[in-house]
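Worksheet for the structure shown next.
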Amino acid sequence: MTTRTPTIALLYPGHAAEDDYPLAESALSGAVALPVVITDVESDDHTVEAMRAVGTGTRLLVGARTAQRHEPDALMWACTSGSFLYGWEGAHQQVASVSEATGLPVSSTSLAFAAACRALDITSVAIAATYPAPVADGFSVFLRDAGISVASAAAHDIGTATEAGTVDGDNLFEMVRSVDSDAAQAILLPDTALHTIGWIADLEATVRKPILTANQVTIWQGLQLLGVDITADGLGHLFSVRRAISSS
């Protein structure tokens, strides 16, 4: 008799860094399946209008229906800007509507950042954002509404998600170092279009504090939705110790 692998379907807008998820699946030794379902985008421009557009209810519900072929146990809206630009209350309403339609537990990357900070008792962060300032500022506002202060932040003015997906390791490390602050307990990299999974352990060793990245927290939050707590090498402090499950 075989045991079914828990499955978290990831609703991911367009194409950029979706290959982070198979890498994370390997780091988790196959304990969870992470199928990626590409959702429709008209534009991957890093503008407030375009990023809000990728998170419309219609697009998410179409993606959720497509994800049913994977027989998921939970769904994650794997997009940060397409959730935080709806605001703290709006981000909750966004996932609640998908959950109501599917009968599955659902969350998003933005809500995952807030939950991960709470789980690690982090109340002050630095943000290294790929986005231009109008979008990046929205993430700072979202975190503050979640009760998390922003000690420092940088908007790197990368114009599209596709371009963010090409950022290499050297630039990633420079982004992190540029915002590091004694006042920040952790450094956040909020774009799911940014490749980070292969770099988290080295980034944490460089700055000697937790690094929370969009694709990392998305996976962690999906596991929280399922009540599954997994430790894993290479995925950072967030995955290094067992802790009480909290999906809020």
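Note on naming: chains are A, B, ... as they come in the structure tokens, residues start from 1 per chain, ligands start from 1 in the order shown.
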
- Query: Can you list, as a VMD selection string, every protein, DNA or RNA residue that comes within 7 Å of A:Leu10 when you count only C-alpha atoms, leaving out same-chain residues fewer than 3 positions away?
  - Reply: chain A and resid 34 to 37 75 to 78

Got time to write the residues from that selection, N, CA and C atoms, as a PDB file, in the first residue's frame?
```
ATOM      1  N   LEU A  34       4.822  19.722  -5.540  1.00  0.00           N
ATOM      2  CA  LEU A  34       4.614  21.154  -5.766  1.00  0.00           C
ATOM      3  C   LEU A  34       4.369  21.436  -7.246  1.00  0.00           C
ATOM      4  N   PRO A  35       3.263  20.953  -7.791  1.00  0.00           N
ATOM      5  CA  PRO A  35       2.981  21.236  -9.196  1.00  0.00           C
ATOM      6  C   PRO A  35       2.706  22.717  -9.422  1.00  0.00           C
ATOM      7  N   VAL A  36       3.255  23.243 -10.507  1.00  0.00           N
ATOM      8  CA  VAL A  36       3.074  24.648 -10.857  1.00  0.00           C
ATOM      9  C   VAL A  36       2.017  24.763 -11.941  1.00  0.00           C
ATOM     10  N   VAL A  37       1.050  25.625 -11.721  1.00  0.00           N
ATOM     11  CA  VAL A  37       0.010  25.909 -12.710  1.00  0.00           C
ATOM     12  C   VAL A  37       0.181  27.359 -13.145  1.00  0.00           C
ATOM     13  N   LEU A  75      -3.957  25.123  -2.125  1.00  0.00           N
ATOM     14  CA  LEU A  75      -3.553  25.997  -3.232  1.00  0.00           C
ATOM     15  C   LEU A  75      -2.810  27.201  -2.671  1.00  0.00           C
ATOM     16  N   MET A  76      -1.763  27.618  -3.376  1.00  0.00           N
ATOM     17  CA  MET A  76      -1.063  28.858  -3.044  1.00  0.00           C
ATOM     18  C   MET A  76      -1.063  29.773  -4.266  1.00  0.00           C
ATOM     19  N   TRP A  77      -1.487  31.019  -4.056  1.00  0.00           N
ATOM     20  CA  TRP A  77      -1.364  32.055  -5.083  1.00  0.00           C
ATOM     21  C   TRP A  77       0.065  32.562  -4.978  1.00  0.00           C
ATOM     22  N   ALA A  78       0.915  32.066  -5.885  1.00  0.00           N
ATOM     23  CA  ALA A  78       2.356  32.291  -5.812  1.00  0.00           C
ATOM     24  C   ALA A  78       2.740  33.594  -6.508  1.00  0.00           C
TER      25      ALA A  78
END
```

- Item | For A:Ala24: contacts at 10 Å, only C-alpha atoms, fewer than 6 positions along chain excluded, given as number ranges by chain | A: 30, 32-34, 197-198, 215-216, 219, 232, 234-235

Generate the output file for the selected residues, N, CA and C atoms, as a short mmCIF file (atom, residue, chain, number, x, y, z; two decimals), in the first residue's frame.
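out_21.cif, written as the output of this step:
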```
data_model
loop_
_atom_site.label_atom_id
_atom_site.label_comp_id
_atom_site.auth_asym_id
_atom_site.auth_seq_id
_atom_site.Cartn_x
_atom_site.Cartn_y
_atom_site.Cartn_z
N GLY A 30 11.12 15.12 -1.68
CA GLY A 30 9.89 14.56 -2.22
C GLY A 30 8.79 14.37 -1.19
N VAL A 32 6.67 16.46 -0.31
CA VAL A 32 5.49 17.17 -0.78
C VAL A 32 5.62 17.37 -2.29
N ALA A 33 4.51 17.29 -3.00
CA ALA A 33 4.49 17.57 -4.43
C ALA A 33 4.11 19.03 -4.63
N LEU A 34 4.82 19.72 -5.54
CA LEU A 34 4.61 21.15 -5.77
C LEU A 34 4.37 21.44 -7.25
N ILE A 197 15.83 30.08 -4.44
CA ILE A 197 15.86 28.83 -3.68
C ILE A 197 17.28 28.28 -3.56
N GLY A 198 18.07 28.36 -4.59
CA GLY A 198 19.41 27.82 -4.55
C GLY A 198 20.41 28.66 -3.79
N ASN A 215 9.48 32.64 -3.05
CA ASN A 215 9.19 31.25 -3.37
C ASN A 215 9.36 30.35 -2.15
N GLN A 216 10.28 30.69 -1.28
CA GLN A 216 10.49 29.92 -0.04
C GLN A 216 9.28 30.01 0.88
N ILE A 219 6.07 28.12 -0.32
CA ILE A 219 6.07 26.68 -0.04
C ILE A 219 5.81 26.42 1.44
N ALA A 232 14.39 21.12 6.46
CA ALA A 232 15.12 20.82 5.23
C ALA A 232 16.39 21.63 5.18
N GLY A 234 19.20 23.75 3.37
CA GLY A 234 19.30 24.60 2.19
C GLY A 234 18.17 25.58 1.98
N LEU A 235 17.10 25.45 2.77
CA LEU A 235 15.96 26.35 2.59
C LEU A 235 15.88 27.42 3.67
#
```

- From the set A:His92, A:Arg4, A:His46, A:Arg118, which residue has the shortest atom-to-atom contact distance to A:Ile158, counting only C-alpha atoms?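 Comparing A:His92, A:Arg4, A:His46, A:Arg118 against A:Ile158, the winner is A:His46.
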
- Query: Nearest to A:Leu189: which of A:Leu203, A:Leu223, A:Ala119, A:Ala129 is it, counting only C-alpha atoms?
  - Reply: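 Nearest candidate to A:Leu189 out of A:Leu203, A:Leu223, A:Ala119, A:Ala129: A:Ala129.
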
- So which bits of stretch 11-202 of chain A end up strand (DSSP E or B) when you DSSP the backbone, as a ChimeraX atom specification? /A:11-13,33,36-39,45,74-77,106-108,124-129,149-155,160,186-189

- Taking into account only C-alpha atoms, which residue in the set A:Val125, A:Phe113, A:Ala64, A:Trp88 is nearest to A:Ala101?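 Answer, going by the shortest atom-to-atom distance: A:Ala64.
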
- Using DSSP on the backbone, list every residue of stretch 86-230 of chain A that comes out as helix (DSSP H, G or I), and give them as a ChimeraX atom specification. /A:87-102,109-119,133-145,161-164,169-179,200-207,214-225

Residues from the last selection, C-alpha atoms, saved as a PDB file, in the first residue's frame:
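Writing the result to again-v6.pdb gives the following:
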```
ATOM      1  CA  GLY A  87      -4.027  45.564   0.717  1.00  0.00           C
ATOM      2  CA  TRP A  88      -4.132  43.540   3.924  1.00  0.00           C
ATOM      3  CA  GLU A  89      -7.894  42.999   3.917  1.00  0.00           C
ATOM      4  CA  GLY A  90      -8.068  42.628   0.153  1.00  0.00           C
ATOM      5  CA  ALA A  91      -5.383  39.922   0.148  1.00  0.00           C
ATOM      6  CA  HIS A  92      -7.425  37.914   2.643  1.00  0.00           C
ATOM      7  CA  GLN A  93     -10.577  38.359   0.586  1.00  0.00           C
ATOM      8  CA  GLN A  94      -8.696  37.315  -2.558  1.00  0.00           C
ATOM      9  CA  VAL A  95      -7.746  33.903  -1.193  1.00  0.00           C
ATOM     10  CA  ALA A  96     -11.032  33.438   0.660  1.00  0.00           C
ATOM     11  CA  SER A  97     -12.931  33.624  -2.629  1.00  0.00           C
ATOM     12  CA  VAL A  98     -10.735  30.911  -4.173  1.00  0.00           C
ATOM     13  CA  SER A  99     -11.091  28.753  -1.079  1.00  0.00           C
ATOM     14  CA  GLU A 100     -14.857  29.110  -1.144  1.00  0.00           C
ATOM     15  CA  ALA A 101     -14.965  28.125  -4.824  1.00  0.00           C
ATOM     16  CA  THR A 102     -12.679  25.091  -4.443  1.00  0.00           C
ATOM     17  CA  THR A 109       2.790  34.748  -1.002  1.00  0.00           C
ATOM     18  CA  SER A 110       2.112  38.092   0.669  1.00  0.00           C
ATOM     19  CA  LEU A 111       0.170  36.471   3.491  1.00  0.00           C
ATOM     20  CA  ALA A 112       2.947  33.885   3.724  1.00  0.00           C
ATOM     21  CA  PHE A 113       5.523  36.600   4.408  1.00  0.00           C
ATOM     22  CA  ALA A 114       3.455  37.904   7.302  1.00  0.00           C
ATOM     23  CA  ALA A 115       2.903  34.391   8.682  1.00  0.00           C
ATOM     24  CA  ALA A 116       6.601  33.509   8.396  1.00  0.00           C
ATOM     25  CA  CYS A 117       7.602  36.664  10.266  1.00  0.00           C
ATOM     26  CA  ARG A 118       5.153  35.823  13.042  1.00  0.00           C
ATOM     27  CA  ALA A 119       6.445  32.246  13.233  1.00  0.00           C
ATOM     28  CA  ALA A 133       9.185  52.249  -6.056  1.00  0.00           C
ATOM     29  CA  PRO A 134       5.392  52.515  -6.578  1.00  0.00           C
ATOM     30  CA  VAL A 135       5.048  48.735  -6.331  1.00  0.00           C
ATOM     31  CA  ALA A 136       7.749  48.236  -3.687  1.00  0.00           C
ATOM     32  CA  ASP A 137       6.096  50.841  -1.456  1.00  0.00           C
ATOM     33  CA  GLY A 138       2.928  48.762  -1.525  1.00  0.00           C
ATOM     34  CA  PHE A 139       4.748  45.855   0.088  1.00  0.00           C
ATOM     35  CA  SER A 140       6.045  48.070   2.897  1.00  0.00           C
ATOM     36  CA  VAL A 141       2.517  49.320   3.554  1.00  0.00           C
ATOM     37  CA  PHE A 142       1.186  45.749   3.538  1.00  0.00           C
ATOM     38  CA  LEU A 143       3.764  44.615   6.097  1.00  0.00           C
ATOM     39  CA  ARG A 144       3.103  47.586   8.342  1.00  0.00           C
ATOM     40  CA  ASP A 145      -0.602  46.756   8.267  1.00  0.00           C
ATOM     41  CA  ALA A 161       8.916  39.860 -14.040  1.00  0.00           C
ATOM     42  CA  THR A 162      10.740  38.310 -16.989  1.00  0.00           C
ATOM     43  CA  GLU A 163      13.712  40.589 -16.366  1.00  0.00           C
ATOM     44  CA  ALA A 164      13.636  39.801 -12.636  1.00  0.00           C
ATOM     45  CA  GLY A 169      23.688  35.380  -7.916  1.00  0.00           C
ATOM     46  CA  ASP A 170      26.106  38.308  -7.759  1.00  0.00           C
ATOM     47  CA  ASN A 171      23.288  40.831  -8.136  1.00  0.00           C
ATOM     48  CA  LEU A 172      21.141  38.924  -5.650  1.00  0.00           C
ATOM     49  CA  PHE A 173      23.839  39.099  -2.976  1.00  0.00           C
ATOM     50  CA  GLU A 174      24.374  42.795  -3.666  1.00  0.00           C
ATOM     51  CA  MET A 175      20.636  43.454  -3.300  1.00  0.00           C
ATOM     52  CA  VAL A 176      20.664  41.778   0.113  1.00  0.00           C
ATOM     53  CA  ARG A 177      23.802  43.506   1.364  1.00  0.00           C
ATOM     54  CA  SER A 178      22.524  46.902   0.238  1.00  0.00           C
ATOM     55  CA  VAL A 179      19.549  46.835   2.618  1.00  0.00           C
ATOM     56  CA  ILE A 200      19.141  31.047   0.648  1.00  0.00           C
ATOM     57  CA  ALA A 201      21.682  29.211   2.802  1.00  0.00           C
ATOM     58  CA  ASP A 202      24.594  31.213   1.381  1.00  0.00           C
ATOM     59  CA  LEU A 203      22.702  34.491   1.742  1.00  0.00           C
ATOM     60  CA  GLU A 204      21.971  33.740   5.399  1.00  0.00           C
ATOM     61  CA  ALA A 205      25.623  32.865   5.989  1.00  0.00           C
ATOM     62  CA  THR A 206      26.613  36.210   4.466  1.00  0.00           C
ATOM     63  CA  VAL A 207      24.379  38.465   6.572  1.00  0.00           C
ATOM     64  CA  ALA A 214       8.943  34.780  -2.017  1.00  0.00           C
ATOM     65  CA  ASN A 215       9.190  31.249  -3.373  1.00  0.00           C
ATOM     66  CA  GLN A 216      10.492  29.923  -0.044  1.00  0.00           C
ATOM     67  CA  VAL A 217       7.685  31.370   2.096  1.00  0.00           C
ATOM     68  CA  THR A 218       5.082  30.324  -0.472  1.00  0.00           C
ATOM     69  CA  ILE A 219       6.074  26.681  -0.043  1.00  0.00           C
ATOM     70  CA  TRP A 220       6.306  26.992   3.734  1.00  0.00           C
ATOM     71  CA  GLN A 221       2.843  28.532   3.958  1.00  0.00           C
ATOM     72  CA  GLY A 222       1.390  25.776   1.797  1.00  0.00           C
ATOM     73  CA  LEU A 223       2.781  23.239   4.240  1.00  0.00           C
ATOM     74  CA  GLN A 224       1.248  25.213   7.102  1.00  0.00           C
ATOM     75  CA  LEU A 225      -2.136  25.007   5.394  1.00  0.00           C
TER      76      LEU A 225
END
```

Neighbouring residues of A:Thr58 were defined as those with any atom within 12 Å, considering only C-alpha atoms; residues of the same chain fewer than 2 positions away were excluded. Please report them as an mmCIF file with N, CA and C atoms, in the first residue's frame.
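Final file, result_15.cif:
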```
data_model
loop_
_atom_site.group_PDB
_atom_site.id
_atom_site.type_symbol
_atom_site.label_atom_id
_atom_site.label_comp_id
_atom_site.auth_asym_id
_atom_site.auth_seq_id
_atom_site.Cartn_x
_atom_site.Cartn_y
_atom_site.Cartn_z
ATOM 1 N N THR A 39 -0.775 30.767 -14.520
ATOM 2 C CA THR A 39 -1.996 31.541 -14.715
ATOM 3 C C THR A 39 -1.777 32.625 -15.772
ATOM 4 N N ASP A 40 -2.865 33.055 -16.335
ATOM 5 C CA ASP A 40 -2.827 34.001 -17.448
ATOM 6 C C ASP A 40 -2.394 35.395 -16.997
ATOM 7 N N VAL A 41 -1.540 36.042 -17.802
ATOM 8 C CA VAL A 41 -1.178 37.441 -17.583
ATOM 9 C C VAL A 41 -1.259 38.180 -18.906
ATOM 10 N N ALA A 53 -3.699 43.454 -11.957
ATOM 11 C CA ALA A 53 -4.473 42.731 -12.973
ATOM 12 C C ALA A 53 -4.204 41.230 -12.945
ATOM 13 N N VAL A 54 -2.972 40.822 -12.621
ATOM 14 C CA VAL A 54 -2.692 39.384 -12.619
ATOM 15 C C VAL A 54 -3.419 38.672 -11.488
ATOM 16 N N GLY A 55 -3.869 39.429 -10.482
ATOM 17 C CA GLY A 55 -4.516 38.821 -9.328
ATOM 18 C C GLY A 55 -6.034 38.906 -9.319
ATOM 19 N N THR A 56 -6.643 39.159 -10.460
ATOM 20 C CA THR A 56 -8.106 39.248 -10.489
ATOM 21 C C THR A 56 -8.727 37.892 -10.172
ATOM 22 N N LEU A 60 -7.572 33.846 -11.095
ATOM 23 C CA LEU A 60 -7.257 32.888 -10.047
ATOM 24 C C LEU A 60 -8.207 31.694 -10.073
ATOM 25 N N LEU A 61 -9.459 31.935 -10.348
ATOM 26 C CA LEU A 61 -10.414 30.831 -10.377
ATOM 27 C C LEU A 61 -10.171 29.922 -11.573
ATOM 28 N N VAL A 62 -9.802 30.481 -12.711
ATOM 29 C CA VAL A 62 -9.445 29.647 -13.864
ATOM 30 C C VAL A 62 -8.224 28.797 -13.531
ATOM 31 N N GLY A 63 -7.221 29.415 -12.905
ATOM 32 C CA GLY A 63 -6.040 28.670 -12.498
ATOM 33 C C GLY A 63 -6.374 27.574 -11.503
ATOM 34 N N ALA A 64 -7.246 27.884 -10.554
ATOM 35 C CA ALA A 64 -7.630 26.894 -9.554
ATOM 36 C C ALA A 64 -8.344 25.708 -10.179
ATOM 37 N N ARG A 65 -9.182 25.976 -11.187
ATOM 38 C CA ARG A 65 -9.857 24.878 -11.878
ATOM 39 C C ARG A 65 -8.842 24.014 -12.627
ATOM 40 N N GLN A 94 -9.117 37.944 -1.308
ATOM 41 C CA GLN A 94 -8.696 37.315 -2.558
ATOM 42 C C GLN A 94 -8.613 35.801 -2.409
ATOM 43 N N SER A 97 -12.024 33.903 -1.516
ATOM 44 C CA SER A 97 -12.931 33.624 -2.629
ATOM 45 C C SER A 97 -12.518 32.360 -3.373
ATOM 46 N N VAL A 98 -11.210 32.129 -3.509
ATOM 47 C CA VAL A 98 -10.735 30.911 -4.173
ATOM 48 C C VAL A 98 -11.007 29.697 -3.290
ATOM 49 N N ALA A 101 -14.633 28.741 -3.546
ATOM 50 C CA ALA A 101 -14.965 28.125 -4.824
ATOM 51 C C ALA A 101 -14.439 26.702 -4.949
#
```

- Message: I need the residue nearest A:Ala50 from this list: A:Leu85, A:Ala184, A:Ala155, A:Leu238. Use only C-alpha atoms for the distance.
- Response: A:Leu85

- Between atom CA of A:Leu188 and atom CA of A:Ala153, distance in Å (one decimal):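 Value for the atom CA of A:Leu188-atom CA of A:Ala153 distance: 9.3 Å.
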